[in-house]
$ cat data-v8.txt   # compact mmCIF, C-alpha atoms and all ligand atoms
# COMPACT_ATOMS: atom_id res chain seq x y z
CA MET A 30 0.00 0.00 0.00
CA ALA A 31 1.36 3.39 -0.98
CA LEU A 32 0.90 6.65 0.88
CA ILE A 33 0.01 9.53 -1.44
CA ILE A 34 -0.23 13.20 -0.46
CA GLN A 35 -2.46 15.18 -2.82
CA LYS A 36 -2.68 18.97 -2.77
CA TYR A 37 -5.49 20.81 -4.55
CA GLY A 38 -5.04 24.53 -5.22
CA GLY A 39 -7.58 27.35 -5.03
CA THR A 40 -9.08 27.05 -8.51
CA SER A 41 -9.47 23.28 -8.03
CA VAL A 42 -11.69 23.84 -4.97
CA GLY A 43 -13.21 27.12 -6.21
CA THR A 44 -16.84 25.89 -6.31
CA ILE A 45 -18.91 23.18 -4.60
CA GLU A 46 -19.04 21.30 -7.89
CA LYS A 47 -15.24 21.28 -8.09
CA ILE A 48 -14.94 20.17 -4.47
CA GLU A 49 -17.24 17.25 -5.29
CA ASN A 50 -15.02 16.41 -8.27
CA VAL A 51 -11.96 16.52 -6.02
CA ALA A 52 -13.74 14.14 -3.64
CA GLU A 53 -14.21 11.69 -6.55
CA LYS A 54 -10.52 11.90 -7.44
CA VAL A 55 -9.44 11.33 -3.85
CA ILE A 56 -11.77 8.34 -3.60
CA ALA A 57 -10.38 6.87 -6.83
CA THR A 58 -6.87 7.04 -5.32
CA LYS A 59 -8.10 5.44 -2.09
CA ARG A 60 -9.95 2.69 -3.99
CA ALA A 61 -6.77 1.91 -5.91
CA GLY A 62 -5.41 0.72 -2.56
CA ASN A 63 -3.54 3.80 -1.34
CA ASP A 64 -3.59 5.74 1.90
CA VAL A 65 -4.42 9.35 1.09
CA VAL A 66 -3.73 12.62 2.87
CA VAL A 67 -5.24 15.64 1.11
CA VAL A 68 -4.08 19.23 1.55
CA VAL A 69 -6.35 21.98 0.24
CA SER A 70 -6.08 25.70 -0.39
CA ALA A 71 -8.82 28.23 0.20
CA MET A 72 -11.41 28.64 -2.57
CA SER A 73 -9.90 30.76 -5.35
CA GLY A 74 -10.12 34.48 -4.59
CA GLU A 75 -10.90 33.88 -0.91
CA THR A 76 -7.44 34.68 0.47
CA ASN A 77 -7.41 37.91 -1.55
CA ARG A 78 -10.90 38.76 -0.30
CA LEU A 79 -9.82 38.28 3.32
CA ILE A 80 -6.69 40.38 2.84
CA GLY A 81 -8.90 43.06 1.27
CA LEU A 82 -11.14 43.15 4.35
CA ALA A 83 -8.16 43.77 6.62
CA LYS A 84 -6.79 46.41 4.27
CA ASP A 85 -10.17 48.18 4.38
CA ILE A 86 -9.41 48.84 8.03
CA THR A 87 -5.72 49.68 7.72
CA SER A 88 -2.93 49.34 5.16
CA THR A 89 -0.75 47.81 7.90
CA PRO A 90 -2.86 45.22 9.71
CA ASP A 91 -1.38 43.64 12.82
CA PRO A 92 0.49 40.56 11.55
CA ARG A 93 -0.78 38.18 14.23
CA GLU A 94 -4.39 39.08 13.54
CA TYR A 95 -3.77 39.05 9.77
CA ASP A 96 -2.72 35.40 10.06
CA VAL A 97 -5.75 34.53 12.21
CA LEU A 98 -7.89 36.08 9.48
CA VAL A 99 -6.33 34.61 6.32
CA ALA A 100 -6.02 31.12 7.83
CA THR A 101 -9.82 30.88 7.86
CA GLY A 102 -10.02 30.37 4.08
CA GLU A 103 -8.56 26.89 4.29
CA GLN A 104 -10.74 25.90 7.25
CA VAL A 105 -13.77 26.21 4.98
CA THR A 106 -12.42 23.94 2.23
CA ILE A 107 -11.15 21.16 4.54
CA ALA A 108 -14.62 20.87 6.03
CA LEU A 109 -16.43 21.00 2.68
CA LEU A 110 -14.18 18.35 1.15
CA SER A 111 -14.59 16.10 4.19
CA ILE A 112 -18.37 16.52 4.05
CA ALA A 113 -18.29 15.51 0.37
CA LEU A 114 -16.13 12.45 1.14
CA ILE A 115 -18.32 11.33 4.05
CA LYS A 116 -21.48 11.76 1.93
CA ARG A 117 -19.92 9.26 -0.48
CA GLY A 118 -19.48 6.73 2.29
CA TYR A 119 -15.78 7.30 3.02
CA ALA A 120 -14.45 7.97 6.49
CA ALA A 121 -12.69 11.33 6.40
CA ARG A 122 -11.51 13.82 8.95
CA SER A 123 -10.41 17.39 8.50
CA TYR A 124 -7.72 19.15 10.53
CA THR A 125 -6.42 22.70 10.71
CA GLY A 126 -2.66 23.21 10.71
CA SER A 127 -2.53 23.64 14.47
CA GLN A 128 -4.63 20.51 15.08
CA VAL A 129 -2.00 18.40 13.32
CA ARG A 130 0.73 20.34 15.10
CA ILE A 131 2.41 21.93 12.14
CA ARG A 132 4.92 23.89 14.21
CA THR A 133 6.37 27.00 12.63
CA ASP A 134 8.59 29.85 13.71
CA ASN A 135 6.79 33.05 14.71
CA ALA A 136 7.40 35.04 11.53
CA TYR A 137 3.74 35.94 10.94
CA THR A 138 2.63 36.05 7.28
CA LYS A 139 5.74 34.16 6.14
CA ALA A 140 6.36 31.53 8.80
CA ARG A 141 8.61 28.54 8.20
CA ILE A 142 7.65 25.00 9.14
CA MET A 143 9.96 23.62 11.84
CA ASP A 144 8.33 20.35 12.75
CA ILE A 145 5.22 18.20 12.22
CA ASP A 146 3.93 15.71 14.77
CA GLU A 147 2.51 13.16 12.37
CA GLN A 148 1.09 10.77 15.02
CA ARG A 149 -2.48 11.92 14.71
CA VAL A 150 -2.49 11.58 10.94
CA ARG A 151 -0.91 8.14 11.16
CA GLN A 152 -3.55 6.99 13.63
CA ASP A 153 -6.34 8.09 11.29
CA LEU A 154 -4.67 6.37 8.34
CA ARG A 155 -4.35 3.17 10.38
CA GLU A 156 -8.07 3.38 11.06
CA GLY A 157 -8.77 3.65 7.34
CA ARG A 158 -9.65 7.34 7.19
CA ILE A 159 -8.86 9.87 4.50
CA VAL A 160 -7.15 12.80 6.23
CA VAL A 161 -7.80 16.34 4.97
CA VAL A 162 -5.38 19.03 6.17
CA ALA A 163 -5.60 22.81 5.78
CA GLY A 164 -2.74 24.18 3.72
CA PHE A 165 -0.85 27.42 4.33
CA GLN A 166 -1.07 27.45 8.13
CA GLY A 167 0.55 26.27 11.32
CA MET A 168 1.16 27.45 14.84
CA ASP A 169 4.19 28.83 16.62
CA GLU A 170 5.70 27.72 19.93
CA ASP A 171 3.15 29.76 21.86
CA ASP A 172 0.23 28.28 19.91
CA ASN A 173 -0.38 31.43 17.86
CA ILE A 174 -1.82 30.77 14.38
CA THR A 175 0.72 31.49 11.63
CA THR A 176 0.61 31.40 7.83
CA LEU A 177 3.32 30.36 5.41
CA GLY A 178 3.24 33.08 2.73
CA ARG A 179 1.24 33.17 -0.52
CA GLY A 180 1.12 29.82 -2.24
CA GLY A 181 2.04 28.16 1.07
CA SER A 182 -0.28 25.16 0.69
CA ASP A 183 2.30 23.60 -1.64
CA THR A 184 4.76 23.70 1.25
CA THR A 185 2.26 22.18 3.70
CA ALA A 186 1.80 19.26 1.30
CA VAL A 187 5.52 18.65 0.81
CA ALA A 188 6.27 19.02 4.51
CA LEU A 189 3.58 16.44 5.33
CA ALA A 190 4.97 14.16 2.64
CA ALA A 191 8.42 14.45 4.21
CA ALA A 192 7.14 13.89 7.77
CA LEU A 193 5.02 10.89 6.75
CA LYS A 194 7.65 9.55 4.33
CA ALA A 195 4.99 9.45 1.63
CA ASP A 196 5.63 7.66 -1.64
CA GLU A 197 4.65 10.70 -3.71
CA CYS A 198 3.45 14.27 -3.25
CA GLN A 199 1.06 15.29 -6.03
CA ILE A 200 0.35 18.98 -6.56
CA TYR A 201 -2.94 19.30 -8.47
CA THR A 202 -3.58 22.64 -10.13
CA ASP A 203 -5.15 24.32 -13.18
CA VAL A 204 -2.30 23.42 -15.57
CA ASP A 205 -1.16 19.89 -16.42
CA GLY A 206 2.45 20.34 -15.31
CA VAL A 207 5.42 22.68 -15.32
CA TYR A 208 5.83 24.40 -18.68
CA THR A 209 8.77 26.05 -20.40
CA THR A 210 7.08 29.29 -19.32
CA ASP A 211 3.69 30.39 -18.01
CA PRO A 212 1.25 29.02 -20.63
CA ARG A 213 -1.00 32.02 -20.00
CA VAL A 214 1.67 34.21 -21.60
CA VAL A 215 2.97 31.80 -24.24
CA PRO A 216 0.11 29.50 -25.31
CA HIS A 217 2.49 27.23 -27.25
CA ALA A 218 4.78 26.73 -24.24
CA ARG A 219 5.71 23.07 -23.78
CA ARG A 220 5.05 20.86 -20.79
CA LEU A 221 8.20 19.33 -19.33
CA ASP A 222 8.09 15.64 -18.39
CA LYS A 223 10.83 16.21 -15.81
CA ILE A 224 12.70 19.13 -14.35
CA THR A 225 15.54 19.13 -11.82
CA PHE A 226 15.06 20.48 -8.28
CA GLU A 227 17.80 22.97 -8.98
CA GLU A 228 16.02 24.42 -12.01
CA MET A 229 12.61 24.35 -10.37
CA LEU A 230 14.04 26.20 -7.36
CA GLU A 231 15.46 28.84 -9.64
CA LEU A 232 12.20 29.19 -11.64
CA ALA A 233 10.16 29.43 -8.44
CA SER A 234 12.47 32.01 -6.90
CA LEU A 235 12.37 34.07 -10.10
CA GLY A 236 8.59 34.25 -10.18
CA SER A 237 7.03 31.03 -11.56
CA LYS A 238 4.14 30.66 -9.17
CA VAL A 239 3.30 27.10 -10.13
CA LEU A 240 5.13 25.90 -6.98
CA GLN A 241 5.98 27.91 -3.88
CA ILE A 242 9.77 28.04 -3.58
CA ARG A 243 9.82 26.61 -0.08
CA SER A 244 7.95 23.52 -1.22
CA VAL A 245 10.72 22.83 -3.75
CA GLU A 246 13.43 23.45 -1.13
CA PHE A 247 11.73 21.04 1.23
CA ALA A 248 11.25 18.37 -1.40
CA GLY A 249 14.89 18.59 -2.49
CA LYS A 250 16.15 18.45 1.08
CA TYR A 251 14.03 15.49 2.20
CA GLY A 252 13.96 13.60 -1.08
CA VAL A 253 10.20 13.92 -1.59
CA ARG A 254 8.97 12.65 -4.94
CA LEU A 255 7.11 15.71 -6.19
CA ARG A 256 4.80 15.87 -9.21
CA VAL A 257 2.66 18.68 -10.66
CA LEU A 258 -0.59 17.52 -12.32
CA HIS A 259 -3.88 18.86 -13.65
CA SER A 260 -6.74 18.52 -11.17
CA PHE A 261 -9.31 17.40 -13.70
CA GLN A 262 -7.44 16.07 -16.74
CA ASP A 263 -5.52 12.81 -16.83
CA GLY A 264 -1.85 12.94 -17.77
CA PRO A 265 1.67 12.31 -16.51
CA GLY A 266 2.28 15.88 -15.29
CA THR A 267 5.82 16.97 -14.46
CA LEU A 268 8.15 15.15 -12.09
CA ILE A 269 10.60 17.30 -10.11
CA THR A 270 13.70 15.21 -9.87
CA TYR A 271 17.43 14.90 -9.33
CA ASP A 272 19.90 15.56 -12.18
CA GLU A 273 20.71 11.91 -12.84
CA GLU A 274 17.11 11.04 -13.55
CA VAL A 275 16.65 13.63 -16.30
CA GLU A 276 17.33 12.28 -19.75
CA ASN A 277 18.89 14.44 -22.43
CA MET A 278 20.10 16.83 -19.79
CA GLU A 279 22.88 18.20 -21.89
CA GLU A 280 20.62 18.88 -24.83
CA ALA A 281 18.26 21.18 -22.94
CA VAL A 282 20.39 24.27 -22.42
CA ILE A 283 17.45 26.37 -21.29
CA SER A 284 14.63 24.69 -19.37
CA GLY A 285 12.36 27.60 -18.85
CA ILE A 286 11.62 31.30 -18.62
CA ALA A 287 10.34 32.85 -15.41
CA PHE A 288 9.13 36.38 -14.86
CA ASN A 289 8.21 38.50 -11.91
CA ARG A 290 5.76 41.37 -12.20
CA ASP A 291 6.21 42.47 -8.58
CA GLU A 292 9.34 44.51 -9.17
CA ALA A 293 10.27 48.16 -8.68
CA GLU A 294 13.54 50.04 -9.06
CA LEU A 295 15.05 52.95 -7.18
CA THR A 296 18.05 55.10 -8.06
CA ILE A 297 20.04 57.43 -5.86
CA ALA A 298 22.13 59.65 -8.13
CA GLY A 299 25.11 61.90 -7.55
CA VAL A 300 26.28 60.51 -4.23
CA PRO A 301 29.80 61.65 -3.22
CA ASP A 302 31.76 58.41 -3.58
CA HIS A 303 33.50 57.22 -0.39
CA PRO A 304 34.20 53.77 1.02
CA GLY A 305 31.07 52.61 2.83
CA VAL A 306 28.59 54.47 0.64
CA ALA A 307 26.79 51.31 -0.53
CA TYR A 308 26.46 50.25 3.07
CA LYS A 309 25.05 53.64 4.08
CA ILE A 310 22.50 53.48 1.25
CA LEU A 311 21.42 49.84 1.53
CA GLY A 312 21.88 49.37 5.30
CA PRO A 313 18.73 51.28 6.32
CA ILE A 314 16.73 49.47 3.61
CA GLY A 315 17.77 46.07 4.95
CA GLU A 316 17.13 47.13 8.52
CA SER A 317 13.54 47.86 7.55
CA ASN A 318 13.18 44.27 6.41
CA ILE A 319 13.06 45.22 2.73
CA GLU A 320 14.77 42.73 0.50
CA VAL A 321 17.02 44.17 -2.20
CA ASP A 322 17.41 42.07 -5.33
CA MET A 323 19.53 43.44 -8.18
CA ILE A 324 22.07 46.21 -7.61
CA ILE A 325 24.02 48.32 -10.11
CA GLN A 326 26.59 50.96 -9.23
CA ASN A 327 28.18 53.39 -11.69
CA ILE A 328 31.07 55.59 -10.72
CA GLY A 329 31.21 58.86 -12.64
CA ALA A 330 34.30 60.87 -13.53
CA ASP A 331 33.16 63.60 -11.12
CA GLY A 332 33.84 61.39 -8.07
CA CYS A 333 30.14 60.79 -7.58
CA THR A 334 28.31 57.50 -7.82
CA ASP A 335 24.81 56.42 -8.93
CA LEU A 336 23.31 53.33 -7.34
CA THR A 337 20.22 51.57 -8.71
CA PHE A 338 18.54 48.61 -7.04
CA THR A 339 15.30 46.66 -7.22
CA VAL A 340 12.83 45.81 -4.46
CA ASN A 341 9.43 44.15 -4.33
CA ARG A 342 6.72 46.51 -5.59
CA ASN A 343 4.93 46.25 -2.23
CA ASP A 344 8.00 47.79 -0.59
CA PHE A 345 8.49 50.54 -3.17
CA ALA A 346 6.92 53.46 -1.30
CA LYS A 347 8.56 52.52 1.99
CA ALA A 348 11.99 52.04 0.37
CA ARG A 349 11.71 55.35 -1.48
CA LYS A 350 11.00 57.23 1.74
CA ILE A 351 14.04 55.68 3.41
CA LEU A 352 16.21 56.42 0.38
CA GLU A 353 15.13 60.06 0.27
CA LYS A 354 16.20 60.48 3.89
CA THR A 355 19.56 58.83 3.13
CA ALA A 356 19.99 61.08 0.08
CA GLN A 357 19.64 64.16 2.23
CA GLU A 358 22.16 62.88 4.76
CA LEU A 359 24.70 61.98 2.07
CA GLY A 360 24.19 65.09 -0.05
CA ALA A 361 23.04 63.12 -3.11
CA ARG A 362 21.70 64.91 -6.18
CA GLU A 363 18.36 63.08 -6.51
CA VAL A 364 16.27 59.97 -5.94
CA THR A 365 14.19 58.51 -8.76
CA GLY A 366 12.06 55.41 -8.93
CA ASP A 367 9.93 53.31 -11.23
CA ASP A 368 7.41 50.69 -10.21
CA THR A 369 6.42 49.70 -13.74
CA ILE A 370 9.26 47.26 -14.34
CA VAL A 371 9.44 43.46 -14.53
CA LYS A 372 12.20 40.88 -14.30
CA ILE A 373 12.50 38.13 -16.89
CA SER A 374 14.87 35.20 -16.37
CA LEU A 375 16.20 32.33 -18.44
CA VAL A 376 16.94 29.20 -16.39
CA GLY A 377 18.82 26.05 -17.33
CA VAL A 378 21.53 23.83 -15.86
CA GLY A 379 22.88 23.43 -19.41
CA MET A 380 24.07 27.06 -19.28
CA ARG A 381 27.05 25.88 -17.27
CA SER A 382 28.54 24.25 -20.33
CA HIS A 383 27.24 26.47 -23.12
CA ALA A 384 28.52 29.89 -24.12
CA GLY A 385 26.58 32.51 -26.04
CA ILE A 386 23.29 32.27 -24.16
CA ALA A 387 23.46 35.88 -22.96
CA SER A 388 24.18 37.23 -26.43
CA THR A 389 21.30 35.27 -27.96
CA MET A 390 19.08 36.65 -25.21
CA PHE A 391 20.16 40.25 -25.69
CA GLY A 392 19.93 39.89 -29.49
CA ALA A 393 16.35 38.61 -29.30
CA LEU A 394 15.33 41.56 -27.11
CA ALA A 395 17.16 44.06 -29.33
CA LYS A 396 15.33 42.73 -32.38
CA GLU A 397 12.05 43.65 -30.70
CA ASN A 398 13.43 47.03 -29.69
CA ILE A 399 13.13 46.21 -26.00
CA ASN A 400 15.43 48.22 -23.78
CA ILE A 401 17.25 46.25 -21.07
CA ARG A 402 17.55 48.27 -17.87
CA MET A 403 19.45 45.86 -15.64
CA ILE A 404 21.15 42.49 -16.04
CA SER A 405 22.22 39.87 -13.53
CA THR A 406 23.63 36.41 -14.04
CA SER A 407 24.49 33.32 -12.07
CA GLU A 408 25.65 29.85 -13.05
CA ILE A 409 22.26 28.64 -14.24
CA LYS A 410 20.27 31.82 -14.90
CA ILE A 411 20.32 35.18 -16.64
CA SER A 412 17.86 37.87 -15.58
CA VAL A 413 17.00 41.18 -17.21
CA VAL A 414 14.80 44.02 -16.06
CA VAL A 415 12.57 45.64 -18.70
CA GLY A 416 9.55 47.95 -18.69
CA GLU A 417 6.37 46.08 -17.78
CA LYS A 418 4.67 46.90 -21.06
CA TYR A 419 7.24 44.69 -22.81
CA LEU A 420 6.69 41.63 -20.63
CA GLU A 421 4.59 39.50 -22.99
CA LEU A 422 6.54 40.51 -26.08
CA ALA A 423 9.88 39.80 -24.41
CA VAL A 424 8.88 36.40 -23.01
CA ARG A 425 7.48 35.31 -26.39
CA ALA A 426 10.56 36.55 -28.23
CA LEU A 427 12.86 34.64 -25.88
CA HIS A 428 10.73 31.51 -26.01
CA ASP A 429 11.04 31.62 -29.83
CA ALA A 430 14.73 32.52 -29.89
CA PHE A 431 15.61 29.47 -27.78
CA LYS A 432 13.04 27.26 -29.58
CA LEU A 433 11.58 26.17 -26.27
CA ASP A 434 8.42 24.89 -27.93
CA GLN A 435 10.51 22.10 -29.48
CA LYS A 436 11.71 19.10 -27.53
CA PRO A 437 15.51 19.02 -27.49
CA ALA A 438 16.99 16.33 -29.71
CA ALA A 439 17.98 13.11 -27.92
P1 LIG A 501 -2.95 26.85 -7.36
O1 LIG A 501 -4.06 27.73 -6.96
O2 LIG A 501 -3.40 25.51 -7.85
O3 LIG A 501 -1.87 26.76 -6.34
P2 LIG A 501 -1.30 28.69 -8.88
O4 LIG A 501 -2.05 29.80 -9.53
O5 LIG A 501 -0.59 29.00 -7.61
O6 LIG A 501 -2.33 27.48 -8.67
O7 LIG A 501 -0.25 28.05 -9.91
C1 LIG A 501 -0.66 27.63 -11.18
C2 LIG A 501 -0.41 28.72 -12.20
O8 LIG A 501 0.99 28.94 -12.33
C3 LIG A 501 -0.83 28.40 -13.61
O9 LIG A 501 -2.19 28.71 -13.83
C4 LIG A 501 0.10 29.25 -14.47
O10 LIG A 501 -0.52 30.41 -14.96
C5 LIG A 501 1.21 29.65 -13.52
N1 LIG A 501 2.57 29.38 -14.03
C6 LIG A 501 3.61 30.24 -14.02
N2 LIG A 501 4.69 29.71 -14.57
C7 LIG A 501 4.36 28.46 -14.95
C8 LIG A 501 5.09 27.39 -15.57
N3 LIG A 501 6.38 27.51 -15.92
N4 LIG A 501 4.44 26.23 -15.80
C9 LIG A 501 3.14 26.08 -15.45
N5 LIG A 501 2.40 27.06 -14.86
C10 LIG A 501 3.00 28.24 -14.59
N1 LIG A 502 -4.66 30.32 0.03
C1 LIG A 502 -3.29 30.72 0.09
C2 LIG A 502 -2.98 31.72 -1.03
O1 LIG A 502 -3.87 32.09 -1.78
C3 LIG A 502 -2.33 29.57 0.05
C4 LIG A 502 -2.36 28.75 -1.22
O2 LIG A 502 -3.30 28.82 -2.01
O3 LIG A 502 -1.40 28.00 -1.42
O4 LIG A 502 -1.88 32.18 -1.14
MG MG A 503 -0.26 28.01 -5.81

$ encode --input "data-v8.txt" --output "structure tokens" --more "lines below"
Ligand code: ADP
Ligand code: ASP
Ligand code: MG
Amino acid sequence: MALIIQKYGGTSVGTIEKIENVAEKVIATKRAGNDVVVVVSAMSGETNRLIGLAKDITSTPDPREYDVLVATGEQVTIALLSIALIKRGYAARSYTGSQVRIRTDNAYTKARIMDIDEQRVRQDLREGRIVVVAGFQGMDEDDNITTLGRGGSDTTAVALAAALKADECQIYTDVDGVYTTDPRVVPHARRLDKITFEEMLELASLGSKVLQIRSVEFAGKYGVRLRVLHSFQDGPGTLITYDEEVENMEEAVISGIAFNRDEAELTIAGVPDHPGVAYKILGPIGESNIEVDMIIQNIGADGCTDLTFTVNRNDFAKARKILEKTAQELGAREVTGDDTIVKISLVGVGMRSHAGIASTMFGALAKENINIRMISTSEIKISVVVGEKYLELAVRALHDAFKLDQKPAA
């Protein structure tokens, strides 16, 4: 008998009819002789609705209470799915994150899972029940409710799979696997049969929301067999796997294109250039818990420096305020900013052994007259920042330039 963890995302449980369909799928897995633990998200749109309610009161809701609020979305779907399973004659039991003791740290709104006491789930499985667990939530050491960040139900599923040593963790969603890029932007994007953990981590961290990055980290660390599948269409999906298991590795130089729309850039110009200037500029930003992503510094002939960096769009206004204060203190010429930018990234482990990827990338963007504002590279990725109005055009041009719609030759 195998133990399967299945996670169904928001659109897959977005209506009662869909929840009933999910119940049928879960039952089919159970009837095939497996033990099943199901993790569900809130109904699609519900988490956003709840966040909106809090924001109607204040733009900076108390983080503890924010988590108490947004965790309710998943409590609705665990109960509804269990009701649908029980109606069909199957023993099922729903649990919130705290009921199954998903222990997290106390970083409200983006908590990390530390530990899961899987005894209760095991007992239910032994007694033949289907166990339904709320995604996205846990509790800290002092029993406060916490949430795991947007998309966090993926991480709940993988963490449960690791704790229970499940045979497979299946992430069911509204696409039938991981594609060479978001199929909503490039309709002829290609589904990948397999992708390495390393590449999936990179894609997730660079904006592909198909899996939350922490779920991929967890799966890689604990060796969880992780697969992305369509909730309501049959198919093999995409297996996230180790390098050795991927065939034709060397042929696929680029595996995928990720993009992130949540970007903003800030520039502080004409700063008298002394040792420690970067620290003085970026220190206060970091101290305010704002993450800085790309950084460019140019030193002018006049002994002054310009520094440009990117932050998450949500942090733009706050970062700008801090930067303006720093500019005054340092006697800088001006602060400018733009929150209509996006980051587009090419990812592929094959880049390690292939030259010329960057020039093909820049050439494809030049051909479409798309101005590159920033560039950053690492061993297996190249990212560029462009104006947001070019996002679709740029992603399509790159997808074509690297012929990602075609399977690499064996
Ligand atoms: P769920 O609610 O099931 O968690 P998400 O919206 O979080 O679903 O993730 C699925 C979505 O991820 C897809 O609808 C698709 O638009 C998007 N996506 C982004 N990049 C990719 C990619 N490379 N492959 C597949 N889907 C992607
Ligand atoms: N409901 C949460 C969200 O919308 C968690 C999830 O769906 O994974 O972010
Ligand atoms: Mg998701």

$ closest_residue --input "data-v8.txt" --among "A:Arg402, A:Arg60, A:His303, A:Lys354" --to "Met323 in chain A" --atoms "all atoms listed in the file"
A:Arg402

$ closest_atom_pairs --input "data-v8.txt" --of "range 169-272 of chain A" --to "range 35-58 of chain A" --cutoff "7 Å" --atoms "all atoms listed in the file" --output "JSON lines"
{"residue": "A:Asp183", "atom": "CA", "partner": "A:Lys36", "partner_atom": "CA", "distance": 6.9}
{"residue": "A:Ala186", "atom": "CA", "partner": "A:Lys36", "partner_atom": "CA", "distance": 6.1}
{"residue": "A:Cys198", "atom": "CA", "partner": "A:Gln35", "partner_atom": "CA", "distance": 6.0}
{"residue": "A:Gln199", "atom": "CA", "partner": "A:Gln35", "partner_atom": "CA", "distance": 4.8}
{"residue": "A:Ile200", "atom": "CA", "partner": "A:Lys36", "partner_atom": "CA", "distance": 4.9}
{"residue": "A:Tyr201", "atom": "CA", "partner": "A:Tyr37", "partner_atom": "CA", "distance": 4.9}
{"residue": "A:Thr202", "atom": "CA", "partner": "A:Gly38", "partner_atom": "CA", "distance": 5.5}
{"residue": "A:Asp203", "atom": "CA", "partner": "A:Thr40", "partner_atom": "CA", "distance": 6.7}
{"residue": "A:Ser260", "atom": "CA", "partner": "A:Ser41", "partner_atom": "CA", "distance": 6.3}

$ write_last_selection --input "data-v8.txt" --atoms "C-alpha atoms" --output "mmCIF file, keeping the file's coordinate frame"
data_model
loop_
_atom_site.group_PDB
_atom_site.id
_atom_site.type_symbol
_atom_site.label_atom_id
_atom_site.label_comp_id
_atom_site.auth_asym_id
_atom_site.auth_seq_id
_atom_site.Cartn_x
_atom_site.Cartn_y
_atom_site.Cartn_z
ATOM 1 C CA ASP A 183 2.300 23.600 -1.640
ATOM 2 C CA ALA A 186 1.800 19.260 1.300
ATOM 3 C CA CYS A 198 3.450 14.270 -3.250
ATOM 4 C CA GLN A 199 1.060 15.290 -6.030
ATOM 5 C CA ILE A 200 0.350 18.980 -6.560
ATOM 6 C CA TYR A 201 -2.940 19.300 -8.470
ATOM 7 C CA THR A 202 -3.580 22.640 -10.130
ATOM 8 C CA ASP A 203 -5.150 24.320 -13.180
ATOM 9 C CA SER A 260 -6.740 18.520 -11.170
#

$ atom_distance --input "data-v8.txt" --atom1 "atom MG of ligand MG 503 (chain A)" --atom2 "CA of Met30 in chain A"
28.6 Å

$ axis_aligned_box --input "data-v8.txt" --around "ligand LIG 501 (chain A)" --padding-each-side "6 Å" --output "lines of an AutoDock Vina configuration file"
center_x = 1.2
center_y = 28.0
center_z = -11.1
size_x = 22.4
size_y = 16.9
size_z = 21.6

$ atom_distance --input "data-v8.txt" --atom1 "CA of Asn398 in chain A" --atom2 "CA of Leu420 in chain A"
12.5 Å

$ residues_around --input "data-v8.txt" --residues "range 305-316 of chain A" --least-positions-apart "3" --cutoff "8 Å" --atoms "all atoms listed in the file" --output "PyMOL selection string"
chain A and resi 302+319-321+336+348+351-352+355

$ atom_distance --input "data-v8.txt" --atom1 "CA of Arg256 in chain A" --atom2 "CA of Ser70 in chain A"
17.1 Å

$ residues_around --input "data-v8.txt" --residues "range 228-233 of chain A" --least-positions-apart "3" --cutoff "8 Å" --atoms "all atoms listed in the file" --output "ChimeraX atom specification"
/A:224-225,236-242,245-246,269,284-287,376-378,409-410

$ residues_around --input "data-v8.txt" --residues "Ile399 in chain A" --least-positions-apart "4" --cutoff "9 Å" --atoms "all atoms listed in the file" --output "PyMOL selection string"
chain A and resi 393-395+415-416+419+422-423

$ residues_around --input "data-v8.txt" --residues "range 143-148 of chain A" --least-positions-apart "2" --cutoff "8 Å" --atoms "only C-alpha atoms" --output "CSV table (one decimal) with C-alpha atoms, in the coordinates of the input"
chain,number,residue,atom,x,y,z
A,129,VAL,CA,-2.0,18.4,13.3
A,130,ARG,CA,0.7,20.3,15.1
A,131,ILE,CA,2.4,21.9,12.1
A,132,ARG,CA,4.9,23.9,14.2
A,133,THR,CA,6.4,27.0,12.6
A,134,ASP,CA,8.6,29.8,13.7
A,141,ARG,CA,8.6,28.5,8.2
A,150,VAL,CA,-2.5,11.6,10.9
A,151,ARG,CA,-0.9,8.1,11.2
A,152,GLN,CA,-3.6,7.0,13.6
A,188,ALA,CA,6.3,19.0,4.5
A,189,LEU,CA,3.6,16.4,5.3
A,192,ALA,CA,7.1,13.9,7.8
A,193,LEU,CA,5.0,10.9,6.8

$ closest_residue --input "data-v8.txt" --among "A:Lys350, A:His428, A:Arg342, A:Lys59" --to "Ser374 in chain A" --atoms "all atoms listed in the file"
A:His428

$ build_atoms --input "data-v8.txt" --residues "range 378-383 of chain A" --atoms "N, CA and C atoms" --output "mmCIF file, keeping the file's coordinate frame"
data_model
loop_
_atom_site.group_PDB
_atom_site.id
_atom_site.type_symbol
_atom_site.label_atom_id
_atom_site.label_comp_id
_atom_site.auth_asym_id
_atom_site.auth_seq_id
_atom_site.Cartn_x
_atom_site.Cartn_y
_atom_site.Cartn_z
ATOM 1 N N VAL A 378 20.240 24.340 -16.345
ATOM 2 C CA VAL A 378 21.530 23.830 -15.860
ATOM 3 C C VAL A 378 22.520 23.677 -17.018
ATOM 4 N N GLY A 379 22.004 23.560 -18.248
ATOM 5 C CA GLY A 379 22.880 23.430 -19.410
ATOM 6 C C GLY A 379 23.698 24.683 -19.699
ATOM 7 N N MET A 380 23.316 25.805 -19.078
ATOM 8 C CA MET A 380 24.070 27.060 -19.280
ATOM 9 C C MET A 380 25.511 26.944 -18.812
ATOM 10 N N ARG A 381 25.707 26.057 -17.826
ATOM 11 C CA ARG A 381 27.050 25.880 -17.270
ATOM 12 C C ARG A 381 28.046 25.536 -18.371
ATOM 13 N N SER A 382 27.594 24.757 -19.336
ATOM 14 C CA SER A 382 28.540 24.250 -20.330
ATOM 15 C C SER A 382 28.307 24.848 -21.720
ATOM 16 N N HIS A 383 27.477 25.865 -21.803
ATOM 17 C CA HIS A 383 27.240 26.470 -23.120
ATOM 18 C C HIS A 383 27.503 27.970 -23.061
#
